$ cat protein.txt   # compact mmCIF, C-alpha atoms and all ligand atoms
# COMPACT_ATOMS: atom_id res chain seq x y z
CA MET O 143 0.00 0.00 0.00
CA LYS O 144 1.14 3.55 -0.70
CA SER O 145 3.16 4.65 2.29
CA GLY O 146 1.93 7.65 4.23
CA VAL O 147 -1.77 7.25 3.36
CA SER O 148 -4.19 7.29 6.28
CA ILE O 149 -6.49 4.29 5.96
CA ASP O 150 -9.21 6.14 7.90
CA ASP O 151 -9.07 9.03 5.40
CA VAL O 152 -9.19 6.58 2.48
CA LEU O 153 -12.25 4.82 3.95
CA ALA O 154 -14.02 8.16 4.42
CA GLU O 155 -13.28 9.08 0.80
CA VAL O 156 -14.38 5.66 -0.48
CA ALA O 157 -17.69 5.95 1.42
CA LEU O 158 -18.37 9.23 -0.43
CA MET O 159 -17.21 7.94 -3.81
CA VAL O 160 -19.54 4.89 -3.76
CA ARG O 161 -22.72 6.89 -3.16
CA PRO O 162 -23.76 7.08 -6.84
CA GLN O 163 -23.63 3.26 -7.01
CA PHE O 164 -26.61 2.73 -4.68
CA GLY O 165 -29.74 1.59 -6.51
CA LYS O 166 -27.79 0.00 -9.40
CA GLY O 167 -28.01 -3.60 -8.13
CA ARG O 168 -30.63 -5.79 -6.48
CA PRO O 169 -30.45 -7.67 -3.18
CA ALA O 170 -30.60 -11.48 -3.53
CA ASP O 171 -34.23 -12.50 -3.45
CA TYR O 172 -33.95 -16.16 -4.41
CA ILE O 173 -33.28 -16.85 -0.73
CA PRO O 174 -36.50 -15.31 0.63
CA GLN O 175 -35.05 -14.24 3.99
CA LEU O 176 -32.31 -12.17 2.33
CA ALA O 177 -34.81 -10.08 0.39
CA GLY O 178 -35.87 -8.14 3.49
CA ILE O 179 -32.47 -6.52 4.29
CA ASP O 180 -32.10 -2.72 3.96
CA PRO O 181 -30.47 -2.45 0.49
CA HIS O 182 -28.55 0.71 1.35
CA LYS O 183 -26.45 -0.70 4.14
CA PHE O 184 -22.73 -0.11 3.68
CA GLY O 185 -19.87 -1.16 5.91
CA MET O 186 -16.16 -1.63 5.37
CA ALA O 187 -13.32 -2.85 7.58
CA VAL O 188 -9.58 -3.03 7.00
CA CYS O 189 -7.34 -5.12 9.26
CA THR O 190 -3.62 -4.73 8.81
CA PHE O 191 -0.94 -7.33 9.30
CA SER O 192 0.53 -5.13 12.02
CA GLY O 193 -2.66 -5.13 14.15
CA GLY O 194 -4.46 -2.00 12.92
CA GLU O 195 -8.26 -2.02 12.50
CA HIS O 196 -10.08 0.65 10.51
CA VAL O 197 -13.83 0.70 9.95
CA ILE O 198 -16.54 2.84 8.43
CA GLY O 199 -20.35 2.69 8.19
CA ASP O 200 -22.14 -0.51 9.18
CA ALA O 201 -18.89 -2.43 9.68
CA ASP O 202 -20.02 -3.93 12.98
CA GLU O 203 -23.43 -5.10 11.79
CA ALA O 204 -23.78 -8.84 11.13
CA PHE O 205 -24.78 -9.94 7.62
CA SER O 206 -25.23 -13.30 5.90
CA ALA O 207 -21.77 -14.57 4.89
CA GLN O 208 -23.12 -16.99 2.23
CA SER O 209 -20.42 -18.00 -0.29
CA ILE O 210 -17.64 -16.28 1.63
CA THR O 211 -17.80 -19.27 4.01
CA LYS O 212 -16.67 -21.50 1.10
CA LEU O 213 -13.15 -20.14 1.52
CA PHE O 214 -12.93 -21.24 5.15
CA ALA O 215 -14.53 -24.63 4.43
CA LEU O 216 -11.93 -25.19 1.70
CA GLY O 217 -9.13 -24.20 4.09
CA LEU O 218 -10.39 -26.79 6.60
CA ALA O 219 -10.67 -29.52 3.95
CA LEU O 220 -7.16 -28.80 2.63
CA ASN O 221 -5.78 -28.85 6.15
CA GLN O 222 -7.54 -32.20 6.71
CA ILE O 223 -6.83 -34.19 3.56
CA GLY O 224 -4.36 -32.01 1.63
CA ASP O 225 -4.08 -32.42 -2.13
CA GLU O 226 -6.61 -35.26 -2.13
CA VAL O 227 -9.20 -32.45 -2.31
CA TRP O 228 -8.14 -31.95 -5.94
CA THR O 229 -9.25 -35.46 -6.88
CA ARG O 230 -12.84 -34.30 -6.21
CA VAL O 231 -12.77 -30.65 -7.36
CA GLY O 232 -10.84 -28.68 -10.01
CA LYS O 233 -9.03 -25.37 -9.73
CA GLU O 234 -10.03 -23.59 -12.91
CA PRO O 235 -12.31 -20.58 -13.32
CA SER O 236 -15.75 -21.78 -14.42
CA GLY O 237 -16.79 -18.92 -16.69
CA THR O 238 -20.35 -19.81 -15.71
CA PRO O 239 -22.74 -18.64 -12.95
CA PHE O 240 -22.10 -19.92 -9.43
CA ASN O 241 -25.08 -22.30 -9.57
CA PHE O 242 -24.74 -23.50 -13.17
CA LEU O 243 -25.81 -27.08 -13.81
CA SER O 244 -25.03 -28.16 -17.39
CA GLN O 245 -21.25 -27.61 -17.26
CA LEU O 246 -21.18 -30.13 -14.44
CA GLU O 247 -22.81 -32.79 -16.61
CA TYR O 248 -20.45 -32.18 -19.53
CA GLU O 249 -17.55 -32.49 -17.12
CA HIS O 250 -18.70 -35.79 -15.57
CA GLY O 251 -19.80 -34.39 -12.23
CA VAL O 252 -16.42 -32.87 -11.31
CA PRO O 253 -16.87 -29.19 -10.34
CA ARG O 254 -14.54 -26.65 -11.94
CA ASN O 255 -13.48 -25.14 -8.59
CA PRO O 256 -14.33 -25.14 -4.86
CA PHE O 257 -16.09 -21.75 -4.94
CA ILE O 258 -18.94 -22.47 -7.33
CA ASN O 259 -21.83 -24.17 -5.54
CA ALA O 260 -21.01 -27.62 -6.96
CA GLY O 261 -17.44 -27.37 -5.67
CA ALA O 262 -18.55 -26.13 -2.27
CA LEU O 263 -21.05 -29.00 -1.99
CA ALA O 264 -18.20 -31.43 -2.71
CA ILE O 265 -16.14 -29.76 0.03
CA THR O 266 -19.08 -30.13 2.45
CA ASP O 267 -19.19 -33.82 1.52
CA ILE O 268 -15.46 -34.15 2.33
CA LEU O 269 -15.98 -32.50 5.74
CA LEU O 270 -18.93 -34.85 6.40
CA ASP O 271 -16.46 -37.76 6.29
CA THR O 272 -15.11 -36.70 9.66
CA VAL O 273 -17.84 -34.65 11.40
CA LYS O 274 -21.63 -34.85 11.63
CA ALA O 275 -22.17 -31.10 11.42
CA PRO O 276 -19.51 -29.47 9.19
CA GLU O 277 -21.35 -26.14 9.36
CA LEU O 278 -20.53 -25.93 13.07
CA LEU O 279 -16.89 -26.72 12.34
CA VAL O 280 -16.80 -23.90 9.77
CA ARG O 281 -18.68 -21.53 12.12
CA ASP O 282 -16.29 -22.20 14.97
CA PHE O 283 -13.23 -21.99 12.71
CA ILE O 284 -14.22 -18.52 11.44
CA GLY O 285 -15.21 -17.59 15.00
CA MET O 286 -11.82 -18.64 16.37
CA LEU O 287 -10.03 -16.66 13.65
CA SER O 288 -12.16 -13.57 14.33
CA GLY O 289 -11.89 -13.82 18.11
CA SER O 290 -15.66 -14.02 18.53
CA ARG O 291 -18.57 -16.44 18.81
CA LEU O 292 -20.52 -16.56 15.57
CA GLU O 293 -24.11 -17.63 14.94
CA ILE O 294 -25.99 -19.40 12.19
CA ASP O 295 -29.14 -17.49 11.22
CA GLU O 296 -31.62 -20.36 11.39
CA ALA O 297 -34.34 -18.44 9.50
CA VAL O 298 -31.97 -17.78 6.56
CA ALA O 299 -30.78 -21.40 6.66
CA GLN O 300 -34.34 -22.81 6.63
CA SER O 301 -35.39 -20.38 3.92
CA GLU O 302 -32.57 -21.65 1.69
CA ILE O 303 -33.09 -25.33 2.58
CA ASP O 304 -36.76 -24.96 1.57
CA THR O 305 -35.89 -23.42 -1.80
CA ALA O 306 -32.54 -25.03 -2.74
CA HIS O 307 -33.97 -26.90 -5.74
CA LYS O 308 -31.10 -26.03 -8.08
CA ASN O 309 -28.47 -26.94 -5.48
CA ARG O 310 -30.29 -30.25 -4.94
CA ALA O 311 -30.11 -30.93 -8.68
CA ILE O 312 -26.36 -30.16 -8.61
CA ALA O 313 -25.84 -32.41 -5.59
CA ASN O 314 -27.87 -35.25 -7.13
CA LEU O 315 -25.82 -35.08 -10.31
CA MET O 316 -22.63 -35.31 -8.27
CA ARG O 317 -24.05 -38.11 -6.10
CA GLY O 318 -24.68 -40.07 -9.30
CA ALA O 319 -21.15 -39.35 -10.52
CA GLY O 320 -19.63 -40.34 -7.17
CA THR O 321 -18.20 -36.87 -6.39
CA ILE O 322 -20.54 -36.78 -3.40
CA THR O 323 -20.73 -39.84 -1.18
CA HIS O 324 -23.13 -38.74 1.58
CA ALA O 325 -26.92 -38.42 1.33
CA VAL O 326 -27.88 -35.41 -0.79
CA GLU O 327 -30.19 -33.99 1.91
CA ALA O 328 -27.42 -34.14 4.53
CA VAL O 329 -25.02 -32.30 2.22
CA ILE O 330 -27.62 -29.66 1.28
CA ALA O 331 -28.63 -29.01 4.89
CA ALA O 332 -25.02 -28.64 6.07
CA TYR O 333 -24.12 -26.41 3.09
CA CYS O 334 -27.15 -24.12 3.51
CA ARG O 335 -26.54 -23.82 7.25
CA GLN O 336 -22.87 -23.00 6.61
CA CYS O 337 -23.90 -20.26 4.15
CA ALA O 338 -26.23 -18.81 6.82
CA ILE O 339 -23.35 -18.01 9.21
CA THR O 340 -23.58 -14.32 10.08
CA LEU O 341 -20.69 -12.00 10.80
CA SER O 342 -19.68 -8.35 10.51
CA CYS O 343 -17.10 -6.76 8.20
CA ARG O 344 -14.76 -6.34 11.16
CA GLN O 345 -15.08 -10.02 12.14
CA LEU O 346 -14.58 -11.14 8.54
CA ALA O 347 -11.50 -8.98 7.97
CA ARG O 348 -10.00 -10.32 11.21
CA ALA O 349 -10.82 -13.94 10.33
CA ALA O 350 -9.11 -13.68 6.95
CA LEU O 351 -5.86 -12.22 8.28
CA PRO O 352 -3.92 -15.51 7.84
CA LEU O 353 -4.33 -15.02 4.07
CA ALA O 354 -2.48 -11.71 4.36
CA ALA O 355 0.04 -12.93 6.92
CA ASP O 356 1.58 -16.02 5.34
CA GLY O 357 -0.87 -18.31 7.15
CA PHE O 358 -0.50 -16.86 10.64
CA SER O 359 -3.52 -15.60 12.58
CA PRO O 360 -2.59 -12.69 14.84
CA VAL O 361 -6.01 -13.07 16.50
CA ALA O 362 -5.71 -16.79 17.33
CA GLU O 363 -1.94 -16.38 17.71
CA GLU O 364 -1.19 -19.52 15.73
CA THR O 365 -0.27 -20.66 12.25
CA ILE O 366 -3.46 -21.74 10.49
CA PHE O 367 -2.22 -22.55 6.99
CA PRO O 368 1.27 -23.51 5.79
CA SER O 369 2.79 -20.67 3.79
CA ARG O 370 2.50 -22.48 0.45
CA LEU O 371 -1.17 -23.25 1.04
CA THR O 372 -1.82 -19.59 1.87
CA ARG O 373 -0.38 -18.55 -1.49
CA ARG O 374 -2.50 -21.18 -3.22
CA LEU O 375 -5.70 -20.08 -1.49
CA ASN O 376 -5.01 -16.52 -2.65
CA ALA O 377 -4.40 -17.81 -6.19
CA LEU O 378 -7.78 -19.57 -6.14
CA LEU O 379 -9.48 -16.41 -4.85
CA LEU O 380 -7.94 -14.35 -7.63
CA THR O 381 -8.92 -16.80 -10.37
CA CYS O 382 -12.24 -18.22 -9.10
CA GLY O 383 -13.48 -16.08 -6.16
CA THR O 384 -15.99 -13.95 -8.05
CA TYR O 385 -17.36 -16.55 -10.49
CA ASP O 386 -18.01 -15.48 -14.07
CA SER O 387 -16.99 -11.87 -13.41
CA VAL O 388 -13.58 -12.85 -12.10
CA GLY O 389 -11.78 -11.25 -15.06
CA SER O 390 -13.47 -7.87 -14.80
CA PHE O 391 -13.17 -7.98 -11.01
CA ALA O 392 -9.39 -8.53 -11.29
CA TYR O 393 -9.23 -5.77 -13.91
CA ARG O 394 -11.02 -3.31 -11.63
CA VAL O 395 -9.81 -4.31 -8.15
CA GLY O 396 -6.66 -6.38 -8.68
CA LEU O 397 -6.92 -8.33 -5.42
CA PRO O 398 -7.76 -11.94 -4.47
CA ALA O 399 -11.38 -11.83 -3.27
CA LYS O 400 -14.47 -13.84 -2.38
CA SER O 401 -18.00 -12.54 -2.74
CA GLY O 402 -21.28 -13.80 -1.30
CA VAL O 403 -24.91 -13.16 -2.18
CA GLY O 404 -25.46 -11.61 1.25
CA GLY O 405 -23.58 -8.63 -0.25
CA GLY O 406 -20.25 -9.19 1.47
CA ILE O 407 -16.88 -9.26 -0.29
CA LEU O 408 -13.60 -10.20 1.31
CA ALA O 409 -10.37 -9.03 -0.35
CA VAL O 410 -6.77 -9.81 0.56
CA VAL O 411 -3.69 -7.63 0.15
CA PRO O 412 -1.04 -10.35 0.59
CA GLY O 413 1.60 -9.41 3.15
CA GLN O 414 -0.34 -6.35 4.26
CA ALA O 415 -4.04 -6.38 5.04
CA THR O 416 -7.52 -7.79 4.61
CA ILE O 417 -10.54 -5.76 3.54
CA ALA O 418 -14.17 -6.72 4.14
CA VAL O 419 -17.02 -4.75 2.64
CA TRP O 420 -20.78 -5.25 2.80
CA SER O 421 -23.64 -3.74 0.86
CA PRO O 422 -26.59 -5.94 -0.20
CA GLU O 423 -27.36 -4.82 -3.78
CA LEU O 424 -25.83 -7.35 -6.20
CA ASP O 425 -24.76 -7.28 -9.84
CA LYS O 426 -25.99 -10.01 -12.18
CA PHE O 427 -23.03 -12.20 -11.22
CA GLY O 428 -23.95 -12.20 -7.51
CA SER O 429 -21.36 -9.74 -6.17
CA SER O 430 -22.13 -6.50 -4.35
CA VAL O 431 -22.20 -3.51 -6.73
CA VAL O 432 -21.28 -0.97 -4.07
CA GLY O 433 -18.81 -3.39 -2.46
CA THR O 434 -16.95 -3.96 -5.75
CA ALA O 435 -16.81 -0.20 -6.39
CA ALA O 436 -15.57 0.40 -2.84
CA LEU O 437 -12.75 -2.11 -3.32
CA GLU O 438 -11.88 -0.61 -6.70
CA TYR O 439 -11.62 2.89 -5.20
CA PHE O 440 -9.72 1.59 -2.16
CA SER O 441 -7.17 -0.20 -4.31
CA GLN O 442 -6.75 2.88 -6.53
CA LEU O 443 -6.33 5.28 -3.62
CA THR O 444 -3.86 3.07 -1.75
CA ASN O 445 -2.20 1.50 -4.80
CA CYS O 446 -2.54 -1.91 -3.15
CA SER O 447 -3.40 -4.03 -6.22
CA VAL O 448 -1.32 -7.19 -6.61
CA LEU O 449 -1.43 -6.79 -10.40
N1 LIG J 1 -26.14 -20.08 -0.41
C1 LIG J 1 -25.98 -19.48 -1.72
C2 LIG J 1 -26.35 -20.48 -2.81
O1 LIG J 1 -26.02 -21.61 -2.70
C3 LIG J 1 -24.57 -19.01 -1.87
C4 LIG J 1 -24.30 -18.40 -3.22
C5 LIG J 1 -23.36 -17.23 -3.16
O2 LIG J 1 -23.19 -16.57 -2.14
N2 LIG J 1 -22.80 -16.93 -4.30
O3 LIG J 1 -26.98 -20.14 -3.78
$ encode --input "protein.txt" --output "structure tokens"
Amino acid sequence: MKSGVSIDDVLAEVALMVRPQFGKGRPADYIPQLAGIDPHKFGMAVCTFSGGEHVIGDADEAFSAQSITKLFALGLALNQIGDEVWTRVGKEPSGTPFNFLSQLEYEHGVPRNPFINAGALAITDILLDTVKAPELLVRDFIGMLSGSRLEIDEAVAQSEIDTAHKNRAIANLMRGAGTITHAVEAVIAAYCRQCAITLSCRQLARAALPLAADGFSPVAEETIFPSRLTRRLNALLLTCGTYDSVGSFAYRVGLPAKSGVGGGILAVVPGQATIAVWSPELDKFGSSVVGTAALEYFSQLTNCSVL
């Protein structure tokens, strides 16, 4: 990051710069419980490697983490079974929407990457090999990394379980292909409950710090990922973290990132900081419109892009 810039001043400027972006996207409504959130919420938090925390707006308000949890679930699976994960899931950008079905059939039930829904369902299946409730493992892992106790929003979880027809189709296809070995309903329930974990921008930025600190969590005061795995997780975020808009996202923001349909986006400045932003209105690819703009302005003002 540019030396001498005040992160607080940058956040204040970013909050002003994003204002014209409100009203350009739409909150996720395919999960009924998410449709009721105030669309004009905006929060942003930056945690630095050296222990600084900078926040603006609704940065301490909890939101639905949704697909951002896929990153932590993947980290757990890789820590558990290592490279065996890659016999079940690929590591290529999909170029298709996060819940696309037909690509999966063409490719014999092997998901392109762990961040599209198919890949995340396969990761849930891997975690189910060792625990009954992987969503609690993921919740407590993120909680430990953020230094707080996190909750699963049961209403959001149930709302998605009741309407997850497309994800069920994806899971059934993979069950037939052998990519998933547990009962489809068990995988769907655990996955939807994991997506319904709630957390604030500040908690998310804290939890992701190992990705900026060579695998070390300053909050938990322990090494969470080996250094090489940390680099690889960042590579996957950069190439697959924002689905079929990953190219334009890299062009605009230039940072490894993971978005979720709750409106959150997590971005990593390797070696320096993590940035979490939340605003519920989404673009057609499922990433926050205001959040993407905020990260673009932040990376321009601080010159923190990795590219
Ligand atoms: N729970 C959501 C789904 O499966 C997560 C999608 C997302 O955040 N991109 O559709």
$ residues_around --input "protein.txt" --residues "stretch 194-198 of chain O" --least-positions-apart "6" --cutoff "10 Å" --atoms "all atoms listed in the file" --output "number ranges by chain"
O: 148-151, 153-154, 156-157, 184-188, 343-344, 347-348, 415-419
$ write_last_selection --input "protein.txt" --atoms "C-alpha atoms" --output "short mmCIF file (atom, residue, chain, number, x, y, z; two decimals), keeping the file's coordinate frame"
data_model
loop_
_atom_site.label_atom_id
_atom_site.label_comp_id
_atom_site.auth_asym_id
_atom_site.auth_seq_id
_atom_site.Cartn_x
_atom_site.Cartn_y
_atom_site.Cartn_z
CA SER O 148 -4.19 7.29 6.28
CA ILE O 149 -6.49 4.29 5.96
CA ASP O 150 -9.21 6.14 7.90
CA ASP O 151 -9.07 9.03 5.40
CA LEU O 153 -12.25 4.82 3.95
CA ALA O 154 -14.02 8.16 4.42
CA VAL O 156 -14.38 5.66 -0.48
CA ALA O 157 -17.69 5.95 1.42
CA PHE O 184 -22.73 -0.11 3.68
CA GLY O 185 -19.87 -1.16 5.91
CA MET O 186 -16.16 -1.63 5.37
CA ALA O 187 -13.32 -2.85 7.58
CA VAL O 188 -9.58 -3.03 7.00
CA CYS O 343 -17.10 -6.76 8.20
CA ARG O 344 -14.76 -6.34 11.16
CA ALA O 347 -11.50 -8.98 7.97
CA ARG O 348 -10.00 -10.32 11.21
CA ALA O 415 -4.04 -6.38 5.04
CA THR O 416 -7.52 -7.79 4.61
CA ILE O 417 -10.54 -5.76 3.54
CA ALA O 418 -14.17 -6.72 4.14
CA VAL O 419 -17.02 -4.75 2.64
#
$ closest_residue --input "protein.txt" --among "O:Gln208, O:Thr434, O:Thr323, O:Ser359" --to "O:Leu287" --atoms "all atoms listed in the file"
O:Ser359
$ closest_atom_pairs --input "protein.txt" --of "chain O" --to "ligand LIG 1 (chain J)" --cutoff "10 Å" --atoms "all atoms listed in the file" --output "tab-separated table"
residue	atom	partner	partner_atom	distance
O:Ala170	CA	J:LIG1	O2	9.1
O:Tyr172	CA	J:LIG1	O3	8.1
O:Ile173	CA	J:LIG1	O3	7.7
O:Ser206	CA	J:LIG1	O2	8.9
O:Ala207	CA	J:LIG1	O2	7.4
O:Gln208	CA	J:LIG1	O2	4.4
O:Ser209	CA	J:LIG1	O2	3.6
O:Ile210	CA	J:LIG1	O2	6.7
O:Thr211	CA	J:LIG1	O2	8.6
O:Lys212	CA	J:LIG1	O2	8.8
O:Pro239	CA	J:LIG1	N2	8.8
O:Phe240	CA	J:LIG1	N2	6.0
O:Asn241	CA	J:LIG1	O3	6.5
O:Phe257	CA	J:LIG1	N2	8.3
O:Ile258	CA	J:LIG1	N2	7.4
O:Asn259	CA	J:LIG1	O1	5.7
O:Ala260	CA	J:LIG1	O1	8.9
O:Ala262	CA	J:LIG1	O1	8.7
O:Leu263	CA	J:LIG1	O1	8.9
O:Val298	CA	J:LIG1	N1	9.4
O:Ala299	CA	J:LIG1	N1	8.6
O:Glu302	CA	J:LIG1	N1	6.9
O:Ile303	CA	J:LIG1	N1	9.2
O:Thr305	CA	J:LIG1	O3	9.7
O:Ala306	CA	J:LIG1	O1	7.4
O:His307	CA	J:LIG1	O3	9.9
O:Lys308	CA	J:LIG1	O3	8.4
O:Asn309	CA	J:LIG1	O1	6.5
O:Arg310	CA	J:LIG1	O1	9.9
O:Ile330	CA	J:LIG1	O1	9.1
O:Tyr333	CA	J:LIG1	N1	7.5
O:Cys334	CA	J:LIG1	N1	5.7
O:Arg335	CA	J:LIG1	N1	8.5
O:Gln336	CA	J:LIG1	N1	8.3
O:Cys337	CA	J:LIG1	N1	5.1
O:Ala338	CA	J:LIG1	N1	7.3
O:Gly383	CA	J:LIG1	N2	9.5
O:Thr384	CA	J:LIG1	N2	8.3
O:Tyr385	CA	J:LIG1	N2	8.2
O:Lys400	CA	J:LIG1	N2	9.1
O:Ser401	CA	J:LIG1	O2	6.6
O:Gly402	CA	J:LIG1	O2	3.5
O:Val403	CA	J:LIG1	O2	3.8
O:Gly404	CA	J:LIG1	O2	6.4
O:Gly405	CA	J:LIG1	O2	8.2
O:Gly406	CA	J:LIG1	O2	8.7
O:Ile407	CA	J:LIG1	O2	9.8
O:Phe427	CA	J:LIG1	N2	8.4
O:Gly428	CA	J:LIG1	N2	5.8
O:Ser429	CA	J:LIG1	N2	7.6
$ closest_residue --input "protein.txt" --among "O:Asp356, O:Gly289, O:Glu423, O:Ala350" --to "O:Gly178" --atoms "all atoms listed in the file"
O:Glu423
$ closest_residue --input "protein.txt" --among "O:Ala297, O:Met286, O:Ala311, O:Ala325" --to "O:Leu270" --atoms "all atoms listed in the file"
O:Ala325
$ residues_around --input "protein.txt" --residues "O:Val252" --least-positions-apart "3" --cutoff "12 Å" --atoms "all atoms listed in the file" --output "PyMOL selection string"
chain O and resi 227-234+236+243-249+255-256+258-265+312-313+315-322
$ atom_distance --input "protein.txt" --atom1 "atom CA of O:Thr381" --atom2 "atom CA of O:Val326"
28.2 Å
$ atom_distance --input "protein.txt" --atom1 "atom CA of O:Ile284" --atom2 "atom CA of O:Asp171"
25.7 Å
$ residues_around --input "protein.txt" --residues "O:Ala215" --least-positions-apart "6" --cutoff "9 Å" --atoms "only C-alpha atoms" --output "PyMOL selection string"
chain O and resi 262+265-266+269+276-277+279-280+283+336
$ closest_residue --input "protein.txt" --among "O:Ser342, O:Ser430, O:Thr372, O:Thr365" --to "O:Ser288" --atoms "only C-alpha atoms"
O:Ser342
$ closest_residue --input "protein.txt" --among "O:Ser369, O:Ser390, O:Gln300, O:Asn314" --to "O:Ala355" --atoms "all atoms listed in the file"
O:Ser369
$ atom_distance --input "protein.txt" --atom1 "atom CA of O:Leu218" --atom2 "atom CA of O:Leu449"
27.7 Å
$ residues_around --input "protein.txt" --residues "stretch 159-166 of chain O" --least-positions-apart "4" --cutoff "8 Å" --atoms "only C-alpha atoms" --output "ChimeraX atom specification"
/O:155,182,423,425,431-432,435-436,439
$ closest_residue --input "protein.txt" --among "O:Val448, O:Leu278, O:Leu158, O:Cys382" --to "O:Gln414" --atoms "all atoms listed in the file"
O:Val448
$ residues_near_point --input "protein.txt" --point "(-5.5, -17.2, 0.5)" --cutoff "9 Å" --atoms "all atoms listed in the file" --output "list of chain:residue names"
O:Leu213, O:Gly217, O:Ala350, O:Pro352, O:Leu353, O:Ala354, O:Asp356, O:Gly357, O:Leu371, O:Thr372, O:Arg373, O:Arg374, O:Leu375, O:Asn376, O:Ala377, O:Leu378, O:Leu379, O:Leu380, O:Pro398, O:Ala399, O:Val410, O:Pro412
$ axis_aligned_box --input "protein.txt" --around "stretch 391-394 of chain O" --padding-each-side "8 Å" --output "JSON"
{"center_x": -11.2, "center_y": -5.9, "center_z": -12.5, "size_x": 19.9, "size_y": 21.2, "size_z": 18.9}
$ residues_around --input "protein.txt" --residues "O:Thr444" --least-positions-apart "4" --cutoff "7 Å" --atoms "all atoms listed in the file" --output "list in words"
Met143, Lys144, Val147 and Phe440 of chain O
$ write_last_selection --input "protein.txt" --atoms "C-alpha atoms" --output "compact mmCIF listing (two decimals), in the coordinates of the input"
# COMPACT_ATOMS: atom_id res chain seq x y z
CA MET O 143 0.00 0.00 0.00
CA LYS O 144 1.14 3.55 -0.70
CA VAL O 147 -1.77 7.25 3.36
CA PHE O 440 -9.72 1.59 -2.16
$ build_atoms --input "protein.txt" --residues "stretch 352-363 of chain O" --atoms "N, CA and C atoms" --output "CSV table (one decimal), in the frame of the given file"
chain,number,residue,atom,x,y,z
O,352,PRO,N,-5.0,-14.6,8.2
O,352,PRO,CA,-3.9,-15.5,7.8
O,352,PRO,C,-3.6,-15.5,6.3
O,353,LEU,N,-4.6,-15.1,5.5
O,353,LEU,CA,-4.3,-15.0,4.1
O,353,LEU,C,-3.4,-13.9,3.7
O,354,ALA,N,-3.4,-12.9,4.6
O,354,ALA,CA,-2.5,-11.7,4.4
O,354,ALA,C,-1.2,-11.9,5.1
O,355,ALA,N,-1.1,-12.8,6.0
O,355,ALA,CA,0.0,-12.9,6.9
O,355,ALA,C,0.7,-14.3,6.8
O,356,ASP,N,0.8,-14.8,5.6
O,356,ASP,CA,1.6,-16.0,5.3
O,356,ASP,C,1.0,-17.2,6.2
O,357,GLY,N,-0.2,-17.2,6.5
O,357,GLY,CA,-0.9,-18.3,7.2
O,357,GLY,C,-1.0,-18.1,8.7
O,358,PHE,N,-0.5,-17.1,9.2
O,358,PHE,CA,-0.5,-16.9,10.6
O,358,PHE,C,-1.7,-16.0,11.0
O,359,SER,N,-2.4,-16.4,12.1
O,359,SER,CA,-3.5,-15.6,12.6
O,359,SER,C,-3.1,-14.8,13.8
O,360,PRO,N,-3.0,-13.5,13.7
O,360,PRO,CA,-2.6,-12.7,14.8
O,360,PRO,C,-3.7,-12.7,15.9
O,361,VAL,N,-4.9,-13.0,15.5
O,361,VAL,CA,-6.0,-13.1,16.5
O,361,VAL,C,-5.9,-14.4,17.3
O,362,ALA,N,-5.8,-15.5,16.6
O,362,ALA,CA,-5.7,-16.8,17.3
O,362,ALA,C,-4.3,-17.1,17.8
O,363,GLU,N,-3.4,-16.2,17.4
O,363,GLU,CA,-1.9,-16.4,17.7
O,363,GLU,C,-1.4,-17.8,17.4
